[in-house]
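A.B. asks: So here's input31.csv, just CSV, C-alpha atoms:
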chain,number,residue,atom,x,y,z
A,1,MET,CA,47.2,0.3,18.7
A,2,SER,CA,47.5,-3.5,18.5
A,3,LEU,CA,45.8,-5.4,15.7
A,4,ASN,CA,43.6,-7.2,18.2
A,5,LYS,CA,42.6,-3.9,19.8
A,6,ALA,CA,41.7,-2.5,16.4
A,7,VAL,CA,39.5,-5.5,15.6
A,8,LEU,CA,37.8,-5.4,19.0
A,9,ASP,CA,37.0,-1.7,18.7
A,10,ILE,CA,35.2,-2.3,15.4
A,11,ARG,CA,33.3,-5.2,16.9
A,12,ASN,CA,32.2,-3.2,19.9
A,13,ARG,CA,30.6,-0.6,17.6
A,14,GLN,CA,28.4,-3.0,15.9
A,15,ARG,CA,24.7,-3.3,16.6
A,16,VAL,CA,23.3,-6.8,16.4
A,17,LYS,CA,19.5,-7.5,16.3
A,18,PRO,CA,18.3,-10.0,18.8
A,19,SER,CA,17.0,-13.3,17.4
A,20,PRO,CA,15.4,-16.4,18.8
A,21,SER,CA,17.8,-18.8,20.7
A,22,ASN,CA,16.0,-21.9,19.5
A,23,VAL,CA,16.6,-21.2,15.8
A,24,PRO,CA,20.0,-22.0,14.1
A,25,ALA,CA,22.0,-19.1,12.8
A,26,ALA,CA,21.8,-20.8,9.4
A,27,ALA,CA,21.3,-24.1,7.7
A,28,TRP,CA,21.5,-25.1,4.1
A,29,THR,CA,22.1,-28.1,1.9
A,30,GLY,CA,24.7,-28.7,-0.8
A,31,LYS,CA,27.2,-31.2,-2.2
A,32,ASP,CA,30.6,-32.2,-1.0
A,33,LEU,CA,33.1,-35.0,-1.5
A,34,LEU,CA,33.3,-38.1,0.7
A,35,ASP,CA,36.5,-39.8,-0.3
A,36,THR,CA,36.1,-39.4,-4.0
A,37,GLU,CA,32.3,-39.7,-4.1
A,38,GLU,CA,30.0,-36.7,-4.4
A,39,ILE,CA,27.5,-36.7,-1.6
A,40,ASP,CA,24.6,-34.6,-0.3
A,41,THR,CA,25.4,-32.4,2.7
A,42,ILE,CA,23.6,-30.3,5.3
A,43,THR,CA,25.5,-27.5,6.9
A,44,ILE,CA,24.2,-26.3,10.3
A,45,ILE,CA,25.5,-23.2,12.1
A,46,PHE,CA,24.4,-23.4,15.7
A,47,LYS,CA,23.6,-20.2,17.4
A,48,THR,CA,25.7,-20.5,20.6
A,49,SER,CA,27.1,-18.0,23.1
A,50,GLY,CA,29.9,-17.4,20.6
A,51,CYS,CA,33.5,-17.9,19.8
A,52,TRP,CA,35.7,-17.0,22.8
A,53,TRP,CA,38.4,-15.6,20.6
A,54,GLY,CA,35.9,-13.5,18.7
A,55,LYS,CA,34.8,-12.0,22.0
A,56,ALA,CA,38.4,-11.1,22.8
A,57,GLY,CA,38.9,-9.4,19.4
A,58,GLY,CA,39.2,-12.2,16.9
A,59,CYS,CA,40.1,-12.6,13.3
A,60,THR,CA,40.4,-9.6,10.9
A,61,MET,CA,38.1,-11.1,8.2
A,62,CYS,CA,35.5,-12.8,10.4
A,63,GLY,CA,32.0,-11.5,10.7
A,64,TYR,CA,30.5,-14.8,11.9
A,65,VAL,CA,30.8,-13.6,15.5
A,66,TYR,CA,27.6,-11.6,14.9
A,67,ASP,CA,25.7,-14.9,14.5
A,68,SER,CA,26.1,-15.7,18.2
A,69,ALA,CA,23.0,-15.6,20.5
A,70,GLN,CA,22.3,-12.4,22.4
A,71,THR,CA,20.9,-14.6,25.2
A,72,GLU,CA,22.7,-17.8,25.9
A,73,PRO,CA,20.7,-20.7,24.5
A,74,SER,CA,19.6,-23.5,26.8
A,75,ASP,CA,20.4,-27.1,26.2
A,76,ASP,CA,16.9,-27.7,24.8
A,77,ASP,CA,17.3,-24.6,22.6
A,78,LEU,CA,20.4,-26.2,21.0
A,79,MET,CA,18.6,-29.5,20.4
A,80,GLU,CA,15.6,-27.6,18.9
A,81,GLN,CA,18.1,-25.9,16.6
A,82,LEU,CA,19.3,-29.3,15.4
A,83,GLU,CA,15.8,-30.5,14.9
A,84,LYS,CA,14.8,-27.5,12.8
A,85,ALA,CA,17.9,-27.7,10.7
A,86,MET,CA,17.6,-31.4,10.0
A,87,LYS,CA,14.2,-30.9,8.3
A,88,LYS,CA,16.1,-29.6,5.3
A,89,ALA,CA,17.6,-33.1,4.8
A,90,SER,CA,14.3,-34.8,4.9
A,91,GLY,CA,14.6,-35.9,1.2
A,92,PHE,CA,18.1,-37.2,1.5
A,93,GLU,CA,18.9,-40.9,1.4
A,94,ARG,CA,22.6,-40.6,2.4
A,95,PHE,CA,24.3,-37.5,3.5
A,96,MET,CA,27.0,-35.8,5.6
A,97,VAL,CA,26.3,-33.3,8.4
A,98,LYS,CA,28.7,-30.3,8.7
A,99,ILE,CA,28.4,-28.6,12.1
A,100,PHE,CA,29.6,-25.1,12.7
A,101,THR,CA,29.0,-22.7,15.7
A,102,SER,CA,30.8,-19.6,14.4
A,103,GLY,CA,33.2,-20.7,17.1
A,104,SER,CA,34.2,-24.2,18.3
A,105,PHE,CA,31.9,-27.3,18.5
A,106,LEU,CA,34.3,-28.9,21.0
A,107,ASP,CA,34.3,-25.8,23.3
A,108,THR,CA,32.1,-26.9,26.2
A,109,LYS,CA,31.3,-23.3,27.0
A,110,GLU,CA,29.5,-23.1,23.6
A,111,ILE,CA,28.2,-26.7,23.4
A,112,PRO,CA,28.0,-28.3,26.8
A,113,LEU,CA,29.4,-31.8,26.9
A,114,GLU,CA,25.9,-33.4,27.6
A,115,VAL,CA,24.5,-31.5,24.6
A,116,ARG,CA,27.4,-32.6,22.4
A,117,HIS,CA,26.6,-36.2,23.3
A,118,ARG,CA,22.9,-35.6,22.6
A,119,ILE,CA,23.6,-34.1,19.2
A,120,LEU,CA,26.1,-36.7,18.1
A,121,SER,CA,23.9,-39.6,19.4
A,122,LYS,CA,20.9,-38.3,17.4
A,123,LEU,CA,23.0,-38.0,14.3
A,124,ASP,CA,24.5,-41.5,14.8
A,125,ALA,CA,21.1,-43.0,15.2
A,126,ASP,CA,20.1,-41.6,11.8
A,127,GLU,CA,21.2,-44.3,9.4
A,128,ARG,CA,21.3,-41.9,6.5
A,129,VAL,CA,24.1,-39.9,8.1
A,130,VAL,CA,27.5,-41.3,7.0
A,131,LYS,CA,29.8,-38.6,8.3
A,132,VAL,CA,29.8,-35.8,10.8
A,133,LEU,CA,32.2,-32.8,10.4
A,134,ALA,CA,32.6,-30.4,13.3
A,135,GLU,CA,34.6,-27.2,13.1
A,136,THR,CA,36.6,-26.1,16.1
A,137,ARG,CA,39.7,-24.1,17.0
A,138,PRO,CA,42.8,-26.4,17.7
A,139,GLU,CA,43.0,-25.7,21.4
A,140,PHE,CA,39.9,-27.8,21.9
A,141,VAL,CA,41.1,-30.8,19.8
A,142,THR,CA,42.5,-33.0,22.5
A,143,GLU,CA,42.9,-36.7,22.5
A,144,GLU,CA,40.1,-36.9,25.1
A,145,ASN,CA,37.7,-34.8,23.1
A,146,VAL,CA,38.3,-36.7,19.9
A,147,ARG,CA,37.9,-40.1,21.5
A,148,ASP,CA,34.7,-38.9,23.2
A,149,CYS,CA,33.2,-37.9,19.8
A,150,VAL,CA,34.3,-41.0,18.1
A,151,SER,CA,32.9,-43.2,20.9
A,152,VAL,CA,29.5,-41.6,20.6
A,153,LEU,CA,29.5,-41.8,16.8
A,154,LYS,CA,29.7,-45.6,16.8
A,155,ASN,CA,28.6,-46.1,13.3
A,156,THR,CA,29.4,-42.7,11.7
A,157,ALA,CA,32.7,-41.3,10.5
A,158,PHE,CA,34.0,-38.1,12.3
A,159,GLU,CA,36.0,-35.3,10.8
A,160,VAL,CA,37.6,-32.4,12.7
A,161,ALA,CA,37.7,-29.2,10.7
A,162,MET,CA,40.1,-26.4,11.7
A,163,GLY,CA,40.7,-22.9,10.3
A,164,LEU,CA,44.5,-23.1,9.9
A,165,GLU,CA,44.4,-20.3,7.3
A,166,THR,CA,48.2,-20.4,6.7
A,167,SER,CA,51.2,-22.3,7.9
A,168,SER,CA,53.0,-18.9,8.4
A,169,ASP,CA,52.9,-17.9,12.0
A,170,GLU,CA,53.8,-14.3,10.9
A,171,ILE,CA,50.9,-14.0,8.5
A,172,ARG,CA,48.5,-15.7,11.0
A,173,LYS,CA,49.5,-13.2,13.7
A,174,ARG,CA,49.9,-10.0,11.8
A,175,SER,CA,47.4,-10.3,9.0
A,176,ILE,CA,44.7,-12.6,10.5
A,177,ASN,CA,45.1,-12.2,14.3
A,178,LYS,CA,44.2,-15.9,14.7
A,179,GLY,CA,45.5,-16.5,18.2
A,180,PHE,CA,47.3,-19.8,17.7
A,181,THR,CA,50.5,-21.1,16.0
A,182,PHE,CA,51.1,-23.7,13.3
A,183,LYS,CA,52.5,-26.0,16.1
A,184,HIS,CA,49.1,-25.8,17.9
A,185,PHE,CA,47.4,-26.9,14.6
A,186,THR,CA,49.9,-29.8,14.0
A,187,ASP,CA,49.4,-31.1,17.6
A,188,ALA,CA,45.7,-30.9,17.2
A,189,ALA,CA,45.7,-32.6,13.8
A,190,THR,CA,47.9,-35.4,15.2
A,191,ALA,CA,45.6,-35.9,18.2
A,192,ALA,CA,42.6,-36.1,15.8
A,193,LYS,CA,44.2,-38.6,13.5
A,194,ASN,CA,45.6,-40.8,16.3
A,195,ASN,CA,42.1,-41.2,17.7
A,196,GLY,CA,40.0,-42.1,14.8
A,197,ALA,CA,39.1,-38.8,13.1
A,198,THR,CA,40.1,-37.3,9.8
A,199,VAL,CA,41.2,-33.7,9.4
A,200,LYS,CA,39.9,-30.9,7.2
A,201,SER,CA,42.1,-27.8,7.0
A,202,TYR,CA,40.5,-24.5,6.0
A,203,LEU,CA,43.0,-22.1,4.4
A,204,MET,CA,42.5,-18.3,3.7
A,205,LEU,CA,43.5,-16.8,0.5
A,206,LYS,CA,44.6,-13.2,0.7
A,207,PRO,CA,44.1,-11.9,4.3
A,208,PRO,CA,45.0,-8.2,4.6
A,209,PHE,CA,48.5,-6.7,4.1
A,210,LEU,CA,49.5,-9.3,1.5
A,211,SER,CA,50.1,-8.7,-2.2
A,212,GLU,CA,48.3,-10.9,-4.7
A,213,LYS,CA,51.5,-12.8,-5.3
A,214,GLU,CA,52.4,-13.2,-1.6
A,215,ALA,CA,48.9,-14.5,-0.9
A,216,LEU,CA,49.0,-17.0,-3.7
A,217,GLU,CA,52.4,-18.3,-2.9
A,218,ASP,CA,51.5,-18.5,0.8
A,219,ILE,CA,48.6,-20.9,0.1
A,220,VAL,CA,50.8,-23.1,-2.1
A,221,GLN,CA,53.4,-23.3,0.6
A,222,THR,CA,50.7,-24.0,3.3
A,223,VAL,CA,49.4,-27.0,1.3
A,224,ARG,CA,52.9,-28.3,1.2
A,225,ASP,CA,53.5,-27.7,5.0
A,226,ALA,CA,50.1,-29.1,6.1
A,227,ALA,CA,49.6,-32.0,3.7
A,228,GLU,CA,50.9,-34.6,6.1
A,229,TYR,CA,48.4,-33.4,8.8
A,230,SER,CA,45.4,-33.1,6.5
A,231,ASP,CA,43.0,-35.3,4.7
A,232,THR,CA,41.2,-32.5,2.9
A,233,PHE,CA,42.0,-28.8,2.1
A,234,SER,CA,39.2,-26.2,1.7
A,235,ILE,CA,40.6,-22.9,0.4
A,236,ASN,CA,38.4,-20.0,1.3
A,237,LEU,CA,38.8,-16.8,-0.7
A,238,CYS,CA,38.7,-13.8,1.6
A,239,ASN,CA,35.5,-11.6,1.1
A,240,VAL,CA,34.5,-8.4,2.8
A,241,GLN,CA,32.2,-9.2,5.7
A,242,ARG,CA,30.4,-6.5,7.6
A,243,GLY,CA,31.8,-5.3,10.9
A,244,THR,CA,35.3,-6.6,10.2
A,245,TYR,CA,38.8,-5.1,10.1
A,246,VAL,CA,38.9,-6.2,6.4
A,247,GLU,CA,35.8,-4.0,5.8
A,248,TYR,CA,37.5,-1.1,7.5
A,249,LEU,CA,40.5,-1.4,5.1
A,250,TRP,CA,38.2,-2.0,2.1
A,251,ASP,CA,36.2,1.1,2.8
A,252,ARG,CA,39.4,3.1,2.6
A,253,LYS,CA,40.5,1.4,-0.7
A,254,GLN,CA,43.3,-0.4,1.2
A,255,TYR,CA,42.1,-3.9,0.4
A,256,ARG,CA,41.0,-5.8,-2.7
A,257,PRO,CA,39.6,-9.4,-2.5
A,258,PRO,CA,41.6,-12.0,-4.4
A,259,TRP,CA,41.4,-12.6,-8.1
A,260,LEU,CA,39.7,-15.8,-9.1
A,261,TRP,CA,42.7,-16.4,-11.4
A,262,SER,CA,44.8,-16.8,-8.3
A,263,ILE,CA,42.8,-19.7,-6.9
A,264,VAL,CA,42.7,-21.3,-10.4
A,265,ASP,CA,46.5,-21.2,-10.4
A,266,ILE,CA,46.7,-22.5,-6.8
A,267,LEU,CA,44.3,-25.4,-7.5
A,268,GLN,CA,46.3,-26.4,-10.6
A,269,ARG,CA,49.6,-26.3,-8.9
A,270,THR,CA,48.7,-28.0,-5.7
A,271,LYS,CA,46.6,-30.7,-7.3
A,272,LYS,CA,49.4,-31.7,-9.6
A,273,GLU,CA,51.8,-31.8,-6.7
A,274,PHE,CA,49.4,-33.7,-4.4
A,275,PRO,CA,47.2,-35.7,-6.8
A,276,ASP,CA,45.7,-37.9,-4.1
A,277,MET,CA,44.7,-35.0,-1.8
A,278,ILE,CA,41.2,-33.6,-1.9
A,279,ILE,CA,41.6,-29.9,-2.5
A,280,THR,CA,38.4,-27.8,-2.8
A,281,SER,CA,37.3,-24.2,-2.9
A,282,ASP,CA,33.9,-22.4,-2.9
A,283,PRO,CA,34.4,-18.8,-4.0
A,284,VAL,CA,31.6,-17.3,-1.9
A,285,GLY,CA,30.4,-13.9,-3.3
A,286,ALA,CA,32.3,-14.4,-6.5
A,287,GLY,CA,31.9,-11.5,-8.9
A,288,SER,CA,30.5,-9.1,-6.3
A,289,LYS,CA,32.3,-5.9,-5.2
A,290,ARG,CA,32.9,-7.5,-1.8
A,291,GLY,CA,33.9,-10.9,-3.1
A,292,PRO,CA,36.7,-12.5,-5.0
A,293,ARG,CA,36.5,-11.6,-8.7
A,294,ASN,CA,38.0,-11.2,-12.1
A,295,CYS,CA,36.1,-9.0,-14.6
A,296,ARG,CA,32.3,-8.8,-15.1
A,297,GLU,CA,32.5,-11.0,-18.2
A,298,CYS,CA,34.2,-14.1,-16.7
A,299,SER,CA,33.8,-14.0,-12.9
A,300,HIS,CA,30.8,-16.3,-12.7
A,301,ASP,CA,32.0,-18.7,-15.3
A,302,VAL,CA,35.4,-19.1,-13.6
A,303,ALA,CA,33.7,-19.5,-10.2
A,304,ASP,CA,31.5,-22.2,-11.6
A,305,ALA,CA,34.5,-24.0,-13.0
A,306,ILE,CA,36.2,-23.8,-9.6
A,307,ARG,CA,33.1,-25.3,-7.9
A,308,LEU,CA,33.0,-28.1,-10.5
A,309,PHE,CA,36.6,-28.9,-10.0
A,310,SER,CA,36.0,-29.1,-6.3
A,311,LEU,CA,33.4,-31.8,-6.7
A,312,THR,CA,35.2,-33.8,-9.4
A,313,GLN,CA,38.9,-33.1,-8.6
A,314,ASP,CA,39.3,-33.1,-12.4
A,315,LEU,CA,41.9,-30.5,-13.5
A,316,SER,CA,40.4,-30.5,-17.0
A,317,CYS,CA,37.6,-28.3,-15.5
A,318,LEU,CA,40.2,-25.5,-15.2
A,319,GLU,CA,42.2,-26.0,-18.4
A,320,HIS,CA,40.3,-24.0,-21.0
A,321,LEU,CA,39.4,-20.9,-18.9
A,322,SER,CA,40.4,-17.7,-20.7
A,323,CYS,CA,39.6,-14.0,-20.7
A,324,ASP,CA,41.3,-10.8,-21.6
A,325,CYS,CA,41.4,-9.9,-17.9
A,326,LYS,CA,43.9,-12.7,-17.2
A,327,ASP,CA,46.6,-10.5,-18.8
A,328,LEU,CA,45.8,-7.8,-16.2
A,329,TRP,CA,45.9,-10.4,-13.4
A,330,GLU,CA,49.4,-11.4,-14.6
A,331,GLN,CA,50.5,-7.8,-14.4
A,332,VAL,CA,49.1,-7.5,-10.9
A,333,ILE,CA,51.1,-10.6,-9.9
A,334,GLU,CA,54.2,-9.0,-11.3
A,335,LEU,CA,53.7,-5.4,-10.0
A,336,ASP,CA,51.6,-5.7,-6.8
A,337,ASP,CA,54.7,-6.3,-4.6
A,338,HIS,CA,56.1,-2.9,-5.7
A,339,THR,CA,53.2,-0.6,-4.8
A,340,PHE,CA,54.4,0.0,-1.2
A,341,GLY,CA,51.4,-1.6,0.4
A,342,SER,CA,48.7,0.0,-1.8
A,343,PRO,CA,46.7,-2.7,-3.6
A,344,ILE,CA,46.1,-2.5,-7.3
A,345,LEU,CA,42.4,-1.9,-7.6
A,346,ASP,CA,40.1,-2.3,-10.5
Starting from the coordinates I provided, produce the structure as structure tokens.
C.D. replies:
Amino acid sequence: MSLNKAVLDIRNRQRVKPSPSNVPAAAWTGKDLLDTEEIDTITIIFKTSGCWWGKAGGCTMCGYVYDSAQTEPSDDDLMEQLEKAMKKASGFERFMVKIFTSGSFLDTKEIPLEVRHRILSKLDADERVVKVLAETRPEFVTEENVRDCVSVLKNTAFEVAMGLETSSDEIRKRSINKGFTFKHFTDAATAAKNNGATVKSYLMLKPPFLSEKEALEDIVQTVRDAAEYSDTFSINLCNVQRGTYVEYLWDRKQYRPPWLWSIVDILQRTKKEFPDMIITSDPVGAGSKRGPRNCRECSHDVADAIRLFSLTQDLSCLEHLSCDCKDLWEQVIELDDHTFGSPILD
């Protein structure tokens, strides 16, 4: 059975509760970096008809496909989703809007072109919005699409965010099942940069079938390979989302989420090598059994230090972290490659 078929079989067995089409899948506020300045953000996950790749099978770790609408939302539904989400930013004086669809904002089958124009025009008219980030797969990042967005956002910066995950085509295909190549990403990033947009690259630490050391070194190499095409890196730590192939492996004790010590090491090494690059990470679910973790004593403190570094880009945030479990992590790094595919669990 192919990896894509295995992923699709799991997806087809899931039951998803219906939900209103005029309410976003999620919306929340937070902090991010704009250049080197900390800024308020609102993240909006539009409930659309869904990611085309997810419908065909999709990525091994992604459970976001279940956020899609059971009934395709109308144009007015999508605008109502925006209106409801933006209420969360009512107290902000200056902020960035991050748009996600659990698929691709630039896919006109998810967000029709007219609706895209309406959304971007509304955001551009809000003088408090200084930047709009939109996530999309690279096949939709064409020169025409980027120029179109930039032309609508007359007074607002535009950033294209793509889930590159890794620069290794082998890992992207056989561990993640991402459905595109590194060349697709570099072409898309070049098109974005040549037409007035910046590029944010999402990377994935420890997809399935990699040892802890292999996963760590892959991210370091990916930053090196993709640095010339990226303005910002956001390193996501794989967690165990429901209804995914990763969960299938985790249930059978064939997968362990990454250690937080691994991302600390990655941030220290890559920031020293690329001091002018913004490199961030938000360890979602840190310390939980489904999330990235060290031991119970230090997981939350280490995760907080990672988040503080991400907002300050100050390596001193990571310098004085210590715990007895770091010795165990170092042993895992040394031995995990020699366990014939069985992960070293807690």
A.B. asks: Name all residues at most 9 Å from range 44-47 of chain A (count only C-alpha atoms; drop same-chain ones fewer than 2 positions away) and give them as a CSV table (one decimal) with C-alpha atoms, keeping the file's coordinate frame.
C.D. replies:
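What follows is the written file selection-v2.csv:
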chain,number,residue,atom,x,y,z
A,21,SER,CA,17.8,-18.8,20.7
A,22,ASN,CA,16.0,-21.9,19.5
A,23,VAL,CA,16.6,-21.2,15.8
A,24,PRO,CA,20.0,-22.0,14.1
A,25,ALA,CA,22.0,-19.1,12.8
A,26,ALA,CA,21.8,-20.8,9.4
A,27,ALA,CA,21.3,-24.1,7.7
A,28,TRP,CA,21.5,-25.1,4.1
A,29,THR,CA,22.1,-28.1,1.9
A,42,ILE,CA,23.6,-30.3,5.3
A,49,SER,CA,27.1,-18.0,23.1
A,50,GLY,CA,29.9,-17.4,20.6
A,67,ASP,CA,25.7,-14.9,14.5
A,68,SER,CA,26.1,-15.7,18.2
A,69,ALA,CA,23.0,-15.6,20.5
A,72,GLU,CA,22.7,-17.8,25.9
A,73,PRO,CA,20.7,-20.7,24.5
A,78,LEU,CA,20.4,-26.2,21.0
A,81,GLN,CA,18.1,-25.9,16.6
A,82,LEU,CA,19.3,-29.3,15.4
A,85,ALA,CA,17.9,-27.7,10.7
A,86,MET,CA,17.6,-31.4,10.0
A,97,VAL,CA,26.3,-33.3,8.4
A,98,LYS,CA,28.7,-30.3,8.7
A,99,ILE,CA,28.4,-28.6,12.1
A,100,PHE,CA,29.6,-25.1,12.7
A,101,THR,CA,29.0,-22.7,15.7
A,102,SER,CA,30.8,-19.6,14.4
A,105,PHE,CA,31.9,-27.3,18.5
A.B. asks: Of the candidates A:Thr186, A:Asp35, A:Pro20, A:Glu144, which shows the shortest atom-to-atom distance to Glu80 in chain A, using only C-alpha atoms?
C.D. replies: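 For Glu80 in chain A, the nearest of the candidates is A:Pro20.
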A.B. asks: Env of Ile263 in chain A: 8 Å cut, atoms = all atoms listed in the file, seq-sep filter 2 positions within chain, self excluded. Answer as a count of residues only.
C.D. replies: 9
A.B. asks: Which range 75-95 of chain A residues have any atom within 12 Å of an atom of range 107-112 of chain A, and for each, what is the nearest pair of atoms with distance in Å to one decimal, counting all atoms listed in the file, rows sorted by chain and number, as a tab-separated table?
C.D. replies:
residue	atom	partner	partner_atom	distance
A:Asp75	CA	A:Pro112	CA	7.7
A:Asp76	CA	A:Pro112	CA	11.3
A:Asp77	CA	A:Ile111	CA	11.1
A:Leu78	CA	A:Ile111	CA	8.2
A:Met79	CA	A:Ile111	CA	10.4
A.B. asks: Just want the 12 Å neighbourhood of Ile39 in chain A, counted on only C-alpha atoms, with same-chain residues fewer than 2 positions away dropped. Output as a compact mmCIF listing (two decimals) with C-alpha atoms, in the coordinates of the input.
C.D. replies:
# COMPACT_ATOMS: atom_id res chain seq x y z
CA THR A 29 22.10 -28.10 1.90
CA GLY A 30 24.70 -28.70 -0.80
CA LYS A 31 27.20 -31.20 -2.20
CA ASP A 32 30.60 -32.20 -1.00
CA LEU A 33 33.10 -35.00 -1.50
CA LEU A 34 33.30 -38.10 0.70
CA ASP A 35 36.50 -39.80 -0.30
CA THR A 36 36.10 -39.40 -4.00
CA GLU A 37 32.30 -39.70 -4.10
CA THR A 41 25.40 -32.40 2.70
CA ILE A 42 23.60 -30.30 5.30
CA PHE A 92 18.10 -37.20 1.50
CA GLU A 93 18.90 -40.90 1.40
CA ARG A 94 22.60 -40.60 2.40
CA PHE A 95 24.30 -37.50 3.50
CA MET A 96 27.00 -35.80 5.60
CA VAL A 97 26.30 -33.30 8.40
CA ARG A 128 21.30 -41.90 6.50
CA VAL A 129 24.10 -39.90 8.10
CA VAL A 130 27.50 -41.30 7.00
CA LYS A 131 29.80 -38.60 8.30
CA LEU A 311 33.40 -31.80 -6.70
CA THR A 312 35.20 -33.80 -9.40
A.B. asks: Do you have the CA of Met1 in chain A-CA of Lys213 in chain A distance handy?
C.D. replies: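 Computing the Euclidean distance for CA of Met1 in chain A and CA of Lys213 in chain A yields 27.7 Å.
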A.B. asks: When distances are computed from all atoms listed in the file, which of A:Ser151, A:Ser167, A:Thr142, A:Asn239 shows the smallest separation from Arg224 in chain A?
C.D. replies: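 Of A:Ser151, A:Ser167, A:Thr142, A:Asn239, the one nearest Arg224 in chain A is A:Ser167, counting all atoms listed in the file.
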A.B. asks: Which one is closest to His117 in chain A: A:Lys326, A:Asn145, A:Lys183, A:Gln221? Count only C-alpha atoms.
C.D. replies: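 Under the stated criterion, the closest residue is A:Asn145.
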